[in-house]
Structures are given as structure tokens and as C-alpha cells.
>>> print(open('work.pdb').read())   # PDB, C-alpha atoms, pLDDT in the B column
ATOM      1  CA  MET A 163       0.000   0.000   0.000  1.00 46.00           C
ATOM      2  CA  LYS A 164       1.694   3.202  -1.149  1.00 54.00           C
ATOM      3  CA  ASN A 165      -0.079   5.552   1.256  1.00 63.00           C
ATOM      4  CA  ASN A 166      -0.663   4.034   4.651  1.00 68.00           C
ATOM      5  CA  ILE A 167      -4.166   4.668   5.868  1.00 69.00           C
ATOM      6  CA  GLU A 168      -4.057   5.401   9.576  1.00 78.00           C
ATOM      7  CA  CYS A 169      -7.762   5.132  10.447  1.00 83.00           C
ATOM      8  CA  PRO A 170      -8.698   1.450  11.028  1.00 82.00           C
ATOM      9  CA  ALA A 171     -12.240   1.946   9.697  1.00 81.00           C
ATOM     10  CA  GLU A 172     -10.931   3.621   6.561  1.00 82.00           C
ATOM     11  CA  ARG A 173      -8.476   0.750   6.051  1.00 81.00           C
ATOM     12  CA  ALA A 174     -11.393  -1.691   6.178  1.00 81.00           C
ATOM     13  CA  ILE A 175     -13.550   0.396   3.837  1.00 82.00           C
ATOM     14  CA  TYR A 176     -10.697   0.472   1.315  1.00 82.00           C
ATOM     15  CA  PHE A 177     -11.567  -3.129   0.365  1.00 83.00           C
ATOM     16  CA  LEU A 178     -15.251  -2.367  -0.164  1.00 86.00           C
ATOM     17  CA  GLY A 179     -15.149   1.004  -1.899  1.00 82.00           C
ATOM     18  CA  GLY A 180     -17.085   1.629  -5.073  1.00 79.00           C
ATOM     19  CA  LYS A 181     -20.617   1.304  -6.251  1.00 82.00           C
ATOM     20  CA  TRP A 182     -20.681  -2.437  -6.912  1.00 92.00           C
ATOM     21  CA  LYS A 183     -18.507  -4.372  -4.457  1.00 93.00           C
ATOM     22  CA  ILE A 184     -21.008  -4.578  -1.605  1.00 92.00           C
ATOM     23  CA  ARG A 185     -23.748  -5.709  -4.006  1.00 92.00           C
ATOM     24  CA  ILE A 186     -21.420  -8.361  -5.413  1.00 95.00           C
ATOM     25  CA  LEU A 187     -20.523  -9.603  -1.928  1.00 95.00           C
ATOM     26  CA  PHE A 188     -24.147  -9.858  -0.787  1.00 92.00           C
ATOM     27  CA  TYR A 189     -25.092 -11.700  -3.969  1.00 94.00           C
ATOM     28  CA  LEU A 190     -22.214 -14.155  -3.539  1.00 95.00           C
ATOM     29  CA  PHE A 191     -23.098 -14.630   0.125  1.00 94.00           C
ATOM     30  CA  ASN A 192     -26.735 -15.405  -0.700  1.00 92.00           C
ATOM     31  CA  ASN A 193     -25.941 -17.679  -3.654  1.00 93.00           C
ATOM     32  CA  LYS A 194     -22.612 -19.293  -2.563  1.00 91.00           C
ATOM     33  CA  ILE A 195     -21.173 -19.940  -6.044  1.00 94.00           C
ATOM     34  CA  VAL A 196     -22.004 -17.742  -9.035  1.00 94.00           C
ATOM     35  CA  ARG A 197     -20.946 -17.587 -12.664  1.00 94.00           C
ATOM     36  CA  PHE A 198     -20.024 -14.284 -14.309  1.00 93.00           C
ATOM     37  CA  ASN A 199     -23.103 -14.026 -16.562  1.00 91.00           C
ATOM     38  CA  LYS A 200     -25.489 -14.728 -13.682  1.00 94.00           C
ATOM     39  CA  LEU A 201     -23.856 -11.956 -11.658  1.00 94.00           C
ATOM     40  CA  LYS A 202     -23.991  -9.595 -14.645  1.00 94.00           C
ATOM     41  CA  LYS A 203     -27.682 -10.354 -15.144  1.00 94.00           C
ATOM     42  CA  GLU A 204     -28.444  -9.800 -11.453  1.00 93.00           C
ATOM     43  CA  LEU A 205     -26.642  -6.450 -11.271  1.00 93.00           C
ATOM     44  CA  LYS A 206     -28.478  -5.273 -14.408  1.00 90.00           C
ATOM     45  CA  THR A 207     -26.867  -1.858 -15.065  1.00 91.00           C
ATOM     46  CA  ILE A 208     -23.230  -2.790 -14.441  1.00 94.00           C
ATOM     47  CA  THR A 209     -21.084  -2.971 -17.559  1.00 94.00           C
ATOM     48  CA  GLN A 210     -19.151  -6.121 -18.342  1.00 93.00           C
ATOM     49  CA  GLN A 211     -15.901  -4.161 -18.067  1.00 95.00           C
ATOM     50  CA  MET A 212     -16.806  -2.756 -14.622  1.00 94.00           C
ATOM     51  CA  LEU A 213     -17.908  -6.147 -13.330  1.00 95.00           C
ATOM     52  CA  SER A 214     -14.627  -7.682 -14.484  1.00 95.00           C
ATOM     53  CA  LYS A 215     -12.679  -4.874 -12.804  1.00 94.00           C
ATOM     54  CA  GLN A 216     -14.548  -5.178  -9.503  1.00 95.00           C
ATOM     55  CA  LEU A 217     -14.218  -8.980  -9.453  1.00 96.00           C
ATOM     56  CA  LYS A 218     -10.499  -8.745 -10.208  1.00 96.00           C
ATOM     57  CA  GLU A 219      -9.975  -6.270  -7.336  1.00 94.00           C
ATOM     58  CA  LEU A 220     -11.956  -8.459  -4.939  1.00 96.00           C
ATOM     59  CA  GLU A 221      -9.925 -11.483  -6.011  1.00 96.00           C
ATOM     60  CA  ILE A 222      -6.597  -9.663  -5.625  1.00 95.00           C
ATOM     61  CA  ASP A 223      -7.671  -8.520  -2.156  1.00 94.00           C
ATOM     62  CA  GLY A 224      -8.467 -12.127  -1.193  1.00 96.00           C
ATOM     63  CA  ILE A 225     -12.181 -11.503  -0.681  1.00 96.00           C
ATOM     64  CA  ILE A 226     -13.435 -13.803  -3.423  1.00 97.00           C
ATOM     65  CA  ASN A 227     -12.277 -17.011  -5.090  1.00 97.00           C
ATOM     66  CA  ARG A 228     -12.206 -17.313  -8.865  1.00 96.00           C
ATOM     67  CA  GLU A 229     -12.377 -20.899 -10.097  1.00 95.00           C
ATOM     68  CA  VAL A 230     -11.687 -21.480 -13.801  1.00 93.00           C
ATOM     69  CA  TYR A 231     -12.763 -24.763 -15.410  1.00 91.00           C
ATOM     70  CA  GLN A 232     -10.909 -25.716 -18.585  1.00 90.00           C
ATOM     71  CA  VAL A 233     -13.892 -26.483 -20.776  1.00 91.00           C
ATOM     72  CA  VAL A 234     -15.142 -24.936 -24.005  1.00 89.00           C
ATOM     73  CA  PRO A 235     -16.437 -22.328 -23.563  1.00 86.00           C
ATOM     74  CA  PRO A 236     -14.459 -21.568 -20.380  1.00 85.00           C
ATOM     75  CA  LYS A 237     -16.481 -21.758 -17.187  1.00 90.00           C
ATOM     76  CA  VAL A 238     -15.622 -19.372 -14.345  1.00 93.00           C
ATOM     77  CA  GLU A 239     -17.257 -19.430 -10.919  1.00 95.00           C
ATOM     78  CA  TYR A 240     -16.924 -16.954  -8.065  1.00 97.00           C
ATOM     79  CA  SER A 241     -17.399 -17.501  -4.335  1.00 97.00           C
ATOM     80  CA  LEU A 242     -16.448 -15.805  -1.078  1.00 97.00           C
ATOM     81  CA  THR A 243     -13.236 -16.697   0.716  1.00 97.00           C
ATOM     82  CA  GLU A 244     -13.108 -17.003   4.510  1.00 97.00           C
ATOM     83  CA  PHE A 245     -11.790 -13.434   4.543  1.00 95.00           C
ATOM     84  CA  GLY A 246     -14.753 -12.391   2.381  1.00 95.00           C
ATOM     85  CA  LEU A 247     -17.202 -14.163   4.665  1.00 96.00           C
ATOM     86  CA  SER A 248     -15.729 -12.290   7.629  1.00 95.00           C
ATOM     87  CA  VAL A 249     -17.011  -8.975   6.241  1.00 93.00           C
ATOM     88  CA  ILE A 250     -20.639 -10.157   5.948  1.00 93.00           C
ATOM     89  CA  PRO A 251     -21.573  -9.413   9.600  1.00 94.00           C
ATOM     90  CA  ILE A 252     -20.274  -5.865   9.126  1.00 90.00           C
ATOM     91  CA  LEU A 253     -22.308  -5.432   5.956  1.00 89.00           C
ATOM     92  CA  LYS A 254     -25.360  -6.832   7.734  1.00 91.00           C
ATOM     93  CA  SER A 255     -24.862  -4.275  10.514  1.00 92.00           C
ATOM     94  CA  PHE A 256     -24.884  -1.527   7.843  1.00 87.00           C
ATOM     95  CA  SER A 257     -28.101  -3.020   6.510  1.00 88.00           C
ATOM     96  CA  ASP A 258     -29.617  -3.047  10.021  1.00 92.00           C
ATOM     97  CA  TRP A 259     -28.540   0.580  10.521  1.00 91.00           C
ATOM     98  CA  ASN A 260     -30.239   1.471   7.236  1.00 86.00           C
ATOM     99  CA  LYS A 261     -33.461  -0.287   8.276  1.00 91.00           C
ATOM    100  CA  LYS A 262     -33.437   1.450  11.658  1.00 92.00           C
ATOM    101  CA  ASN A 263     -32.894   4.863  10.044  1.00 89.00           C
ATOM    102  CA  THR A 264     -34.716   4.413   6.746  1.00 87.00           C
ATOM    103  CA  ARG A 265     -36.748   7.599   6.978  1.00 87.00           C
ATOM    104  CA  THR A 266     -33.793   9.862   7.741  1.00 87.00           C
ATOM    105  CA  ILE A 267     -31.549   8.162   5.210  1.00 82.00           C
ATOM    106  CA  SER A 268     -34.217   8.423   2.486  1.00 83.00           C
ATOM    107  CA  GLN A 269     -34.715  12.112   3.201  1.00 82.00           C
ATOM    108  CA  LYS A 270     -30.978  12.818   3.078  1.00 77.00           C
ATOM    109  CA  LEU A 271     -30.495  10.789  -0.108  1.00 77.00           C
ATOM    110  CA  ASN A 272     -33.384  12.513  -1.846  1.00 73.00           C
ATOM    111  CA  LYS A 273     -32.021  15.914  -0.842  1.00 71.00           C
ATOM    112  CA  ASN A 274     -28.260  15.447  -1.229  1.00 66.00           C
ATOM    113  CA  PHE A 275     -27.638  12.405  -3.446  1.00 62.00           C
ATOM    114  CA  GLU A 276     -24.501  12.669  -5.589  1.00 59.00           C
ATOM    115  CA  GLU A 277     -23.830   9.689  -7.861  1.00 55.00           C
ATOM    116  CA  ASN A 278     -20.084  10.350  -7.965  1.00 52.00           C
ATOM    117  CA  ARG A 279     -19.770   9.788  -4.184  1.00 51.00           C
ATOM    118  CA  ILE A 280     -20.351   6.072  -4.647  1.00 51.00           C
ATOM    119  CA  ARG A 281     -18.075   5.530  -7.631  1.00 50.00           C
TER     120      ARG A 281
END
>>> encode(input="work.pdb", output="C-alpha cells")
Amino acid sequence: MKNNIECPAERAIYFLGGKWKIRILFYLFNNKIVRFNKLKKELKTITQQMLSKQLKELEIDGIINREVYQVVPPKVEYSLTEFGLSVIPILKSFSDWNKKNTRTISQKLNKNFEENRIR
């Protein structure tokens, strides 16, 4: 890591940053093993290039496994690693926080939403 991040929470968030990673992780958690096209179909508006980029980053960071089967056409499956599974309780706590504060969060998002903050 070129620039050391001093804040422990920020260090953790580094692995999950971006619009798509949390969605990918929840989908993998709920479905265990997923092929690329199924993930692409589920995420609807993600481009193939962005999905590939996000999956590659998650794999490099040790959060997901990428299993390639040497068949024609090639078959690739993704799943969470133990390290990836360890983040699920944290993501669930974010989800619980959202549910508990839905009204306030919705009001703030409707008033102040900036798409580029989640990219």
C-alpha cells in the first residue's frame, strides 16, 4: 500500500469502496457460487468491463475465489473466501442501521444524493 491509511475503519472500507462491491458480496453470500453471466444479469446496469474490474480487485484482495474450469467455452465461478465471509456481519450491521434509520436516510439521499460519491 503506497499511502498508509491510519484510520482502522478507513483501512477496512478500502476493500469495499465503489458502487458495486457490496452488491457483489451480498449476492455471492446469498448464492454461494455464481458464474459471471449470472452476476452480470443480477446487477443489471453494471457494464461487463466494470464487473470484471470489480471482481479482479476483490480477487486480488483475497475476498473472493475465482475458479476457472478448462472447458469450451471456459467456465468461471466466483465464491467468497473465509476473509470475504468475515465482512458479511459488518455489511449486515450496515443493513440493520439502514433499516433502523430508513426515513432519515431516504430524506438525506433525496435531498443530497450525488452519484459520484459512490463511484
>>> closest_residue(input="work.pdb", among="A:Ile225, A:Leu213, A:Val233, A:Leu205", to="A:Val249", atoms="all atoms listed in the file")
A:Ile225
>>> resolve_selection(input="work.pdb", expression="the PyMOL selection byres ((chain A and resi 201-204) around 12)", output="mmCIF file with C-alpha atoms, in the frame of the given file")
data_model
loop_
_atom_site.group_PDB
_atom_site.id
_atom_site.type_symbol
_atom_site.label_atom_id
_atom_site.label_comp_id
_atom_site.auth_asym_id
_atom_site.auth_seq_id
_atom_site.Cartn_x
_atom_site.Cartn_y
_atom_site.Cartn_z
ATOM 1 C CA TRP A 182 -20.681 -2.437 -6.912
ATOM 2 C CA LYS A 183 -18.507 -4.372 -4.457
ATOM 3 C CA ARG A 185 -23.748 -5.709 -4.006
ATOM 4 C CA ILE A 186 -21.420 -8.361 -5.413
ATOM 5 C CA LEU A 187 -20.523 -9.603 -1.928
ATOM 6 C CA PHE A 188 -24.147 -9.858 -0.787
ATOM 7 C CA TYR A 189 -25.092 -11.700 -3.969
ATOM 8 C CA LEU A 190 -22.214 -14.155 -3.539
ATOM 9 C CA ASN A 192 -26.735 -15.405 -0.700
ATOM 10 C CA ASN A 193 -25.941 -17.679 -3.654
ATOM 11 C CA LYS A 194 -22.612 -19.293 -2.563
ATOM 12 C CA ILE A 195 -21.173 -19.940 -6.044
ATOM 13 C CA VAL A 196 -22.004 -17.742 -9.035
ATOM 14 C CA ARG A 197 -20.946 -17.587 -12.664
ATOM 15 C CA PHE A 198 -20.024 -14.284 -14.309
ATOM 16 C CA ASN A 199 -23.103 -14.026 -16.562
ATOM 17 C CA LYS A 200 -25.489 -14.728 -13.682
ATOM 18 C CA LEU A 205 -26.642 -6.450 -11.271
ATOM 19 C CA LYS A 206 -28.478 -5.273 -14.408
ATOM 20 C CA THR A 207 -26.867 -1.858 -15.065
ATOM 21 C CA ILE A 208 -23.230 -2.790 -14.441
ATOM 22 C CA THR A 209 -21.084 -2.971 -17.559
ATOM 23 C CA GLN A 210 -19.151 -6.121 -18.342
ATOM 24 C CA GLN A 211 -15.901 -4.161 -18.067
ATOM 25 C CA MET A 212 -16.806 -2.756 -14.622
ATOM 26 C CA LEU A 213 -17.908 -6.147 -13.330
ATOM 27 C CA SER A 214 -14.627 -7.682 -14.484
ATOM 28 C CA GLN A 216 -14.548 -5.178 -9.503
ATOM 29 C CA LEU A 217 -14.218 -8.980 -9.453
ATOM 30 C CA VAL A 238 -15.622 -19.372 -14.345
ATOM 31 C CA GLU A 239 -17.257 -19.430 -10.919
ATOM 32 C CA TYR A 240 -16.924 -16.954 -8.065
ATOM 33 C CA SER A 241 -17.399 -17.501 -4.335
#
>>> atom_distance(input="work.pdb", atom1="atom CA of A:Glu221", atom2="atom CA of A:Ile252")
19.2 Å
>>> residues_near_point(input="work.pdb", point="(-13.5, -13.3, 4.0)", cutoff="10 Å", atoms="all atoms listed in the file", output="list in words")
Leu187, Asp223, Gly224, Ile225, Ile226, Asn227, Leu242, Thr243, Glu244, Phe245, Gly246, Leu247, Ser248, Val249 and Ile250 of chain A
>>> atom_distance(input="work.pdb", atom1="atom CA of A:Phe256", atom2="atom CA of A:Glu229")
29.2 Å
>>> atom_distance(input="work.pdb", atom1="atom CA of A:Trp259", atom2="atom CA of A:Glu168")
25.0 Å
